[in-house]
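Visitor: One structure, as structure tokens, below. Some questions next.
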There are 2 protein chains.
Amino acid sequence: MEKKCIGIDVGGTTVKIGIFETDGTLVYKWEVPSRKEENGAYILPDVAASIRKKLNERGIPMDAVIGAGMGFPGPVQPDGYVEVCVNLGWRDLNPQKILSELLDGMPVRSGNDANVAALGEMWQGGGKGCHDIVMVTLGTGVGGGVVHDQKIVAGRHGLGGEIGHIHIREGEKETCNCGGHGCLEQVASATGIAREARRKMVAKPDASVMRAYGDAITAKDVLDAAKAGDSLALEVMDTVCYYLGWALATISMTVDPEIFVIGGGVSKAGTFLTDWIDRYYRELTPISENKGEVRLATLGNDAGIYGAARLILD
Amino acid sequence: MEKKCIGIDVGGTTVKIGIFETDGTLVYKWEVPSRKEENGAYILPDVAASIRKKLNERGIPMDAVIGAGMGFPGPVQPDGYVEVCVNLGWRDLNPQKILSELLDGMPVRSGNDANVAALGEMWQGGGKGCHDIVMVTLGTGVGGGVVHDQKIVAGRHGLGGEIGHIHIREGEKETCNCGGHGCLEQVASATGIAREARRKMVAKPDASVMRAYGDAITAKDVLDAAKAGDSLALEVMDTVCYYLGWALATISMTVDPEIFVIGGGVSKAGTFLTDWIDRYYRELTPISENKGEVRLATLGNDAGIYGAARLILD
């Protein structure tokens, strides 16, 4: 039997799991709920039991599996140790070691979920064929991952790819989750875009289709309005894309990736969004025409399981 | 005889050359002028002849030399090809291949001089013992180098470590050498600091010891005045250190190095400068207390030959 590998993406609500061929073909994927009772003590046993069951159902013997990779929402030390993972309730444990023991010593590696998603997009997504990519995930927050020479740059203190907390906007008065003022996440996350729209509607009296949504406006509403030509929504998105382009420009002058991949829910706006980001990014890096392209992510919510599976192939 | 390696730092005025033990001990160093006539065609033959002569004088046979590394002031492609190196007059050549042929096939590797200096500081300088460092060189311009896992991150288009051209300051009207407006180099290079001081003297009527220098003021004059407590000079340096700290903050959220090393002529101001940069850098990265330290470079003008020698040891 062809060797397989397993990718596990542990989220706050569900754990996504995929069985892959070593060439990156997804064989089968499923989800289990993330049981967060007792500080998330059931999560890894649930994952292990579910993997045994699915492998058994599909007639895949354990020894046909090279290993499993795992991403979770928090900082991971190089040996897999996790000091704290707020979303799962974990504290002071080594999840990769625990899962390996639960799976008869199967090799398990792990990483931060946003970093792992970047690896997935490099392997089989928007960055396929590239070895050096930077992914920016525009979701509720802004996450990111830097992949250099096909490996995650996790950083010496787990801060590699913390693109959302790049300080980018002077004069911001509100405080970011990280304690900062003016982080990229504050303006370019779904939450940030909606907030920017609310601010804009207060600051300017102009008519706008956005006003129908009031304070309940979402990033999608803003993007739809901008696509329809609403001038206030266009102003909001101009601000958002300016700061995103600026952030890519600083990253380009630091690690100069082959490509940038934009993912997350906000990226469903497609090239309307990425072309706009690209314009500012190019404007702010006049040093050379020859630089990383801006592309869309293609794996959606599966980037995490792809990247996790890829982790174990090194 | 112990194996040796050679480090070559090709500058616009002189070429610095060093013979090293493979453990990083500098055995002997010297300089030859950079003859730039005929598009710099004499530079590499001069270097090769000088290396042969010095090895001969010191009784080191060619076959005791593992190889030579070389840094030069411009972008270098992964195979060593150089499209253009303005300061030397070079265009469309492969200097490492040429030097290797001139030295009987001795292995030669090359890289951008600022990147190579970062590798030198990692090996035997301010970053000794670290594998992941980012160096910022504050000279006439601002250069930089990102070293990850003991290797230079040159970038896919040679823009890795172009720290000086990180866009950082909004509203700058003057144009940078790169064509940009608001590059770090425009405010934090020796030239930039002097310009900032001239602007400050025009903008504010306050008495200042800087006024005695008039338009001929240098970065050193500004730093000396700031150290002596001159309030206008302190304002200038506060601006400079703010933008430097901000740039380090963005780099930290991208690659999260173990340490930052500050070098170049301006860094002779010592911890007076680096402590100030560090304060802003920490202020702009509240996400974690645990992050890369800011230190001074220690190799001065020799960083280039150290790093070049280190290039060949991989």
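In the structure tokens, chains take letters A, B, ... by order of appearance, with residues numbered from 1 within each chain and ligands from 1 in the order shown.
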Select all residues from chain B having any atom no more than 8 Å from an atom of chain A (counting only C-alpha atoms, ignoring ligands), output as a PyMOL selection string.

Guide: chain B and resi 132+146+153-163+165-167+178-180+246+249-258+284-287+290-292

Visitor: Pick out the residues sitting within 9 Å of Gly126 in chain B, and hand them over as an MDAnalysis selection string; count only C-alpha atoms, and ignore anything fewer than 6 positions along from it in its own chain.

Guide: chainID B and resid 259:262 295:299

Visitor: Got a sec: who's within 10 Å of Glu2 in chain B, counting only C-alpha atoms, leaving out chain neighbours fewer than 2 positions off, as a list in words?

Guide: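 Surrounding residues, per the criterion: Lys4, Glu21, Thr22, Ile60, Ala64 and Val65 of chain B.
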
Visitor: Report, in Å with one decimal, the straight-line distance from CA of Glu38 in chain B to CA of Arg52 in chain B.

Guide: 23.2 Å

Visitor: Point out the residue among B:Met237, B:Leu244, B:Leu88, B:Ile8 with the least atom-to-atom distance to Tyr281 in chain B, counting only C-alpha atoms.

Guide: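 Of B:Met237, B:Leu244, B:Leu88, B:Ile8, the one nearest Tyr281 in chain B is B:Leu244, counting only C-alpha atoms.
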
Visitor: Extract, using only C-alpha atoms, all DNA, RNA and protein residues at most 8 Å from Ala233 in chain A, discarding same-chain residues fewer than 4 positions from it, and format them as a ChimeraX atom specification.

Guide: /A:197,208,210,222-223,225-226,229,237

Visitor: Using only C-alpha atoms, which residues sit within 10 Å of Leu26 in chain B once same-chain residues fewer than 4 positions away are excluded, as a list in words?

Guide: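 Skipping anything fewer than 4 positions along the chain leaves Lys4, Cys5, Ile6, Gly7, Gly18, Ile19, Phe20, Glu21, Thr22, Gln124, Asp302, Ile305, Tyr306 and Ala309 of chain B.
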
Visitor: For the selection you just gave me, I'd like the residues written to a file as a PDB file, in the first residue's frame, keeping C-alpha atoms.

Guide:
```pdb
ATOM      1  CA  LYS B   4      42.079  27.864   5.806  1.00  0.00           C
ATOM      2  CA  CYS B   5      39.331  29.900   4.155  1.00  0.00           C
ATOM      3  CA  ILE B   6      39.423  33.333   2.569  1.00  0.00           C
ATOM      4  CA  GLY B   7      36.999  36.211   2.950  1.00  0.00           C
ATOM      5  CA  GLY B  18      41.256  38.045   5.128  1.00  0.00           C
ATOM      6  CA  ILE B  19      42.709  34.592   5.655  1.00  0.00           C
ATOM      7  CA  PHE B  20      40.819  32.662   8.355  1.00  0.00           C
ATOM      8  CA  GLU B  21      41.062  29.426  10.238  1.00  0.00           C
ATOM      9  CA  THR B  22      37.862  27.427   9.753  1.00  0.00           C
ATOM     10  CA  GLN B 124      32.147  35.899  15.168  1.00  0.00           C
ATOM     11  CA  ASP B 302      35.787  43.466   9.218  1.00  0.00           C
ATOM     12  CA  ILE B 305      35.499  39.534   5.381  1.00  0.00           C
ATOM     13  CA  TYR B 306      34.303  37.373   8.278  1.00  0.00           C
ATOM     14  CA  ALA B 309      34.795  33.497   4.741  1.00  0.00           C
TER      15      ALA B 309
END
```

Visitor: Neighbouring residues of range 80-85 of chain A were defined as those with any atom within 12 Å, considering only C-alpha atoms; residues of the same chain fewer than 2 positions away were excluded. Please report them as JSON, numbers by chain.

Guide: {"A": [10, 11, 12, 36, 39, 40, 69, 70, 71, 72, 73, 74, 75, 76, 77, 78, 87, 88, 89, 90, 91, 92, 93, 94, 95, 96, 97, 98, 99, 100, 108, 109, 110, 111, 112, 113, 154, 157, 158]}

Visitor: Could you save those same residues with N, CA, C and O atoms as a short mmCIF file (atom, residue, chain, number, x, y, z; two decimals), in the first residue's frame?

Guide:
```
data_model
loop_
_atom_site.label_atom_id
_atom_site.label_comp_id
_atom_site.auth_asym_id
_atom_site.auth_seq_id
_atom_site.Cartn_x
_atom_site.Cartn_y
_atom_site.Cartn_z
N VAL A 10 -6.41 21.61 14.56
CA VAL A 10 -7.19 21.72 15.78
C VAL A 10 -7.71 23.14 15.95
O VAL A 10 -6.93 24.08 16.13
N GLY A 11 -9.02 23.31 15.85
CA GLY A 11 -9.61 24.63 16.04
C GLY A 11 -10.41 24.68 17.32
O GLY A 11 -10.60 23.67 18.00
N GLY A 12 -10.94 25.85 17.63
CA GLY A 12 -11.68 26.03 18.87
C GLY A 12 -13.03 25.34 18.87
O GLY A 12 -13.60 25.07 19.93
N LYS A 36 -13.91 20.97 24.83
CA LYS A 36 -13.00 21.81 25.60
C LYS A 36 -13.15 21.65 27.12
O LYS A 36 -12.45 22.33 27.89
N ASN A 39 -10.14 21.66 30.55
CA ASN A 39 -8.97 22.24 29.86
C ASN A 39 -8.58 21.49 28.58
O ASN A 39 -7.41 21.29 28.29
N GLY A 40 -9.58 21.07 27.85
CA GLY A 40 -9.31 20.45 26.56
C GLY A 40 -8.66 19.08 26.65
O GLY A 40 -8.04 18.61 25.69
N GLY A 69 0.83 15.39 11.19
CA GLY A 69 1.18 16.76 11.54
C GLY A 69 -0.04 17.42 12.14
O GLY A 69 -1.17 16.98 11.88
N MET A 70 0.18 18.45 12.92
CA MET A 70 -0.93 19.04 13.66
C MET A 70 -0.69 20.54 13.81
O MET A 70 0.41 20.98 14.12
N GLY A 71 -1.74 21.31 13.55
CA GLY A 71 -1.66 22.75 13.78
C GLY A 71 -2.63 23.14 14.87
O GLY A 71 -3.72 22.58 14.94
N PHE A 72 -2.22 24.09 15.73
CA PHE A 72 -3.20 24.64 16.69
C PHE A 72 -3.02 26.13 16.90
O PHE A 72 -1.96 26.69 16.61
N PRO A 73 -4.09 26.74 17.41
CA PRO A 73 -4.14 28.20 17.46
C PRO A 73 -3.37 28.79 18.62
O PRO A 73 -3.95 29.24 19.59
N GLY A 74 -2.06 28.80 18.52
CA GLY A 74 -1.25 29.40 19.57
C GLY A 74 0.21 29.18 19.27
O GLY A 74 0.56 28.48 18.32
N PRO A 75 1.07 29.75 20.09
CA PRO A 75 2.50 29.58 19.86
C PRO A 75 2.98 28.18 20.28
O PRO A 75 2.53 27.65 21.29
N VAL A 76 3.84 27.62 19.47
CA VAL A 76 4.37 26.27 19.69
C VAL A 76 5.89 26.37 19.74
O VAL A 76 6.50 26.99 18.87
N GLN A 77 6.48 25.80 20.75
CA GLN A 77 7.95 25.82 20.81
C GLN A 77 8.54 24.78 19.86
O GLN A 77 7.82 23.87 19.42
N PRO A 78 9.83 24.93 19.54
CA PRO A 78 10.43 24.03 18.54
C PRO A 78 10.25 22.54 18.86
O PRO A 78 10.10 21.73 17.97
N ASN A 87 -7.60 29.18 23.29
CA ASN A 87 -8.82 28.70 22.62
C ASN A 87 -9.17 27.26 22.94
O ASN A 87 -10.31 26.84 22.74
N LEU A 88 -8.20 26.46 23.35
CA LEU A 88 -8.46 25.04 23.61
C LEU A 88 -8.44 24.72 25.09
O LEU A 88 -8.82 23.63 25.50
N GLY A 89 -7.96 25.69 25.89
CA GLY A 89 -7.87 25.46 27.33
C GLY A 89 -6.58 24.76 27.74
O GLY A 89 -6.40 24.43 28.91
N TRP A 90 -5.68 24.54 26.79
CA TRP A 90 -4.44 23.83 27.10
C TRP A 90 -3.46 24.73 27.85
O TRP A 90 -3.37 25.93 27.60
N ARG A 91 -2.69 24.09 28.71
CA ARG A 91 -1.63 24.80 29.42
C ARG A 91 -0.53 23.81 29.78
O ARG A 91 -0.82 22.73 30.30
N ASP A 92 0.70 24.18 29.45
CA ASP A 92 1.86 23.37 29.81
C ASP A 92 1.74 21.89 29.44
O ASP A 92 1.66 21.01 30.29
N LEU A 93 1.72 21.67 28.15
CA LEU A 93 1.71 20.28 27.68
C LEU A 93 2.41 20.19 26.33
O LEU A 93 2.69 21.21 25.70
N ASN A 94 2.73 18.97 25.93
CA ASN A 94 3.35 18.75 24.63
C ASN A 94 2.42 17.89 23.79
O ASN A 94 2.49 16.66 23.81
N PRO A 95 1.51 18.55 23.05
CA PRO A 95 0.44 17.82 22.33
C PRO A 95 1.00 16.80 21.33
O PRO A 95 0.40 15.73 21.16
N GLN A 96 2.13 17.12 20.69
CA GLN A 96 2.62 16.19 19.68
C GLN A 96 3.14 14.91 20.33
O GLN A 96 3.02 13.82 19.79
N LYS A 97 3.69 15.07 21.54
CA LYS A 97 4.19 13.90 22.28
C LYS A 97 3.00 13.06 22.77
O LYS A 97 2.99 11.83 22.63
N ILE A 98 1.98 13.75 23.27
CA ILE A 98 0.79 13.04 23.76
C ILE A 98 0.10 12.28 22.64
O ILE A 98 -0.20 11.09 22.76
N LEU A 99 -0.08 12.95 21.48
CA LEU A 99 -0.77 12.28 20.37
C LEU A 99 0.05 11.10 19.85
O LEU A 99 -0.49 10.05 19.51
N SER A 100 1.37 11.28 19.81
CA SER A 100 2.23 10.20 19.36
C SER A 100 2.06 8.98 20.26
O SER A 100 1.93 7.85 19.78
N VAL A 108 4.74 12.45 15.24
CA VAL A 108 3.82 13.59 15.17
C VAL A 108 4.62 14.88 15.26
O VAL A 108 5.50 15.01 16.11
N ARG A 109 4.34 15.83 14.37
CA ARG A 109 4.95 17.16 14.46
C ARG A 109 3.84 18.20 14.55
O ARG A 109 2.71 17.94 14.14
N SER A 110 4.20 19.38 15.04
CA SER A 110 3.15 20.38 15.20
C SER A 110 3.67 21.79 14.97
O SER A 110 4.88 22.03 14.91
N GLY A 111 2.73 22.69 14.81
CA GLY A 111 3.08 24.09 14.57
C GLY A 111 1.87 24.97 14.79
O GLY A 111 0.75 24.48 14.96
N ASN A 112 2.12 26.25 14.73
CA ASN A 112 1.04 27.23 14.83
C ASN A 112 0.12 27.12 13.61
O ASN A 112 0.61 26.95 12.49
N ASP A 113 -1.19 27.20 13.82
CA ASP A 113 -2.12 26.92 12.72
C ASP A 113 -1.96 27.86 11.51
O ASP A 113 -2.06 27.41 10.36
N ALA A 154 9.21 29.77 12.10
CA ALA A 154 8.38 29.95 13.30
C ALA A 154 8.94 31.06 14.17
O ALA A 154 8.20 31.66 14.96
N HIS A 157 11.04 32.92 19.03
CA HIS A 157 10.15 33.06 20.17
C HIS A 157 8.71 32.82 19.75
O HIS A 157 7.77 33.29 20.38
N GLY A 158 8.55 32.13 18.60
CA GLY A 158 7.21 31.81 18.12
C GLY A 158 6.47 32.98 17.50
O GLY A 158 5.27 32.90 17.26
#
```

Visitor: Using DSSP secondary structure from the backbone, list all strand (DSSP E) positions within range 16-73 of chain A, as a VMD selection string.

Guide: chain A and resid 16 to 21 26 to 33 65 to 72

Visitor: For the selection you just gave me, I'd like the residues written to a file as a PDB file, in the first residue's frame, keeping N, CA and C atoms.

Guide:
```pdb
ATOM      1  N   LYS A  16     -10.296  19.417  12.280  1.00  0.00           N
ATOM      2  CA  LYS A  16     -10.356  18.882  10.926  1.00  0.00           C
ATOM      3  C   LYS A  16      -9.214  17.885  10.761  1.00  0.00           C
ATOM      4  N   ILE A  17      -9.511  16.762  10.137  1.00  0.00           N
ATOM      5  CA  ILE A  17      -8.489  15.723   9.962  1.00  0.00           C
ATOM      6  C   ILE A  17      -8.521  15.250   8.506  1.00  0.00           C
ATOM      7  N   GLY A  18      -7.358  15.046   7.926  1.00  0.00           N
ATOM      8  CA  GLY A  18      -7.297  14.560   6.556  1.00  0.00           C
ATOM      9  C   GLY A  18      -6.266  13.456   6.412  1.00  0.00           C
ATOM     10  N   ILE A  19      -6.567  12.482   5.574  1.00  0.00           N
ATOM     11  CA  ILE A  19      -5.588  11.444   5.209  1.00  0.00           C
ATOM     12  C   ILE A  19      -5.102  11.782   3.798  1.00  0.00           C
ATOM     13  N   PHE A  20      -3.804  11.823   3.633  1.00  0.00           N
ATOM     14  CA  PHE A  20      -3.199  12.248   2.363  1.00  0.00           C
ATOM     15  C   PHE A  20      -2.253  11.188   1.813  1.00  0.00           C
ATOM     16  N   GLU A  21      -2.158  11.159   0.477  1.00  0.00           N
ATOM     17  CA  GLU A  21      -1.021  10.485  -0.149  1.00  0.00           C
ATOM     18  C   GLU A  21       0.194  11.395   0.070  1.00  0.00           C
ATOM     19  N   LEU A  26      -5.412  14.541  -1.348  1.00  0.00           N
ATOM     20  CA  LEU A  26      -6.278  14.330  -0.189  1.00  0.00           C
ATOM     21  C   LEU A  26      -7.129  13.100  -0.451  1.00  0.00           C
ATOM     22  N   VAL A  27      -7.016  12.091   0.412  1.00  0.00           N
ATOM     23  CA  VAL A  27      -7.739  10.836   0.231  1.00  0.00           C
ATOM     24  C   VAL A  27      -9.119  10.922   0.869  1.00  0.00           C
ATOM     25  N   TYR A  28      -9.135  11.480   2.086  1.00  0.00           N
ATOM     26  CA  TYR A  28     -10.384  11.492   2.847  1.00  0.00           C
ATOM     27  C   TYR A  28     -10.257  12.517   3.954  1.00  0.00           C
ATOM     28  N   LYS A  29     -11.305  13.264   4.211  1.00  0.00           N
ATOM     29  CA  LYS A  29     -11.248  14.215   5.321  1.00  0.00           C
ATOM     30  C   LYS A  29     -12.538  14.177   6.121  1.00  0.00           C
ATOM     31  N   TRP A  30     -12.429  14.519   7.389  1.00  0.00           N
ATOM     32  CA  TRP A  30     -13.604  14.550   8.263  1.00  0.00           C
ATOM     33  C   TRP A  30     -13.323  15.492   9.434  1.00  0.00           C
ATOM     34  N   GLU A  31     -14.336  15.654  10.278  1.00  0.00           N
ATOM     35  CA  GLU A  31     -14.180  16.546  11.428  1.00  0.00           C
ATOM     36  C   GLU A  31     -14.642  15.867  12.696  1.00  0.00           C
ATOM     37  N   VAL A  32     -14.050  16.258  13.804  1.00  0.00           N
ATOM     38  CA  VAL A  32     -14.591  15.856  15.116  1.00  0.00           C
ATOM     39  C   VAL A  32     -14.733  17.129  15.941  1.00  0.00           C
ATOM     40  N   PRO A  33     -15.696  17.147  16.871  1.00  0.00           N
ATOM     41  CA  PRO A  33     -15.842  18.366  17.677  1.00  0.00           C
ATOM     42  C   PRO A  33     -14.651  18.533  18.629  1.00  0.00           C
ATOM     43  N   VAL A  65       1.100   4.479   7.645  1.00  0.00           N
ATOM     44  CA  VAL A  65       1.069   5.929   7.889  1.00  0.00           C
ATOM     45  C   VAL A  65       2.455   6.414   8.359  1.00  0.00           C
ATOM     46  N   ILE A  66       3.054   7.285   7.590  1.00  0.00           N
ATOM     47  CA  ILE A  66       4.385   7.826   7.927  1.00  0.00           C
ATOM     48  C   ILE A  66       4.326   8.612   9.226  1.00  0.00           C
ATOM     49  N   GLY A  67       3.246   9.353   9.407  1.00  0.00           N
ATOM     50  CA  GLY A  67       3.131  10.166  10.613  1.00  0.00           C
ATOM     51  C   GLY A  67       2.006  11.164  10.456  1.00  0.00           C
ATOM     52  N   ALA A  68       1.854  11.992  11.487  1.00  0.00           N
ATOM     53  CA  ALA A  68       0.794  13.001  11.475  1.00  0.00           C
ATOM     54  C   ALA A  68       1.372  14.362  11.829  1.00  0.00           C
ATOM     55  N   GLY A  69       0.830  15.391  11.185  1.00  0.00           N
ATOM     56  CA  GLY A  69       1.184  16.756  11.544  1.00  0.00           C
ATOM     57  C   GLY A  69      -0.042  17.419  12.138  1.00  0.00           C
ATOM     58  N   MET A  70       0.184  18.450  12.921  1.00  0.00           N
ATOM     59  CA  MET A  70      -0.926  19.042  13.663  1.00  0.00           C
ATOM     60  C   MET A  70      -0.694  20.538  13.805  1.00  0.00           C
ATOM     61  N   GLY A  71      -1.743  21.308  13.547  1.00  0.00           N
ATOM     62  CA  GLY A  71      -1.656  22.754  13.782  1.00  0.00           C
ATOM     63  C   GLY A  71      -2.628  23.145  14.868  1.00  0.00           C
ATOM     64  N   PHE A  72      -2.222  24.095  15.729  1.00  0.00           N
ATOM     65  CA  PHE A  72      -3.196  24.637  16.687  1.00  0.00           C
ATOM     66  C   PHE A  72      -3.018  26.128  16.896  1.00  0.00           C
TER      67      PHE A  72
END
```

Visitor: Could you work out how far CA of Ile193 in chain A lies from CA of Val294 in chain A, giving the answer in Å with one decimal?

Guide: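 Between these atoms lies a distance of 20.0 Å.
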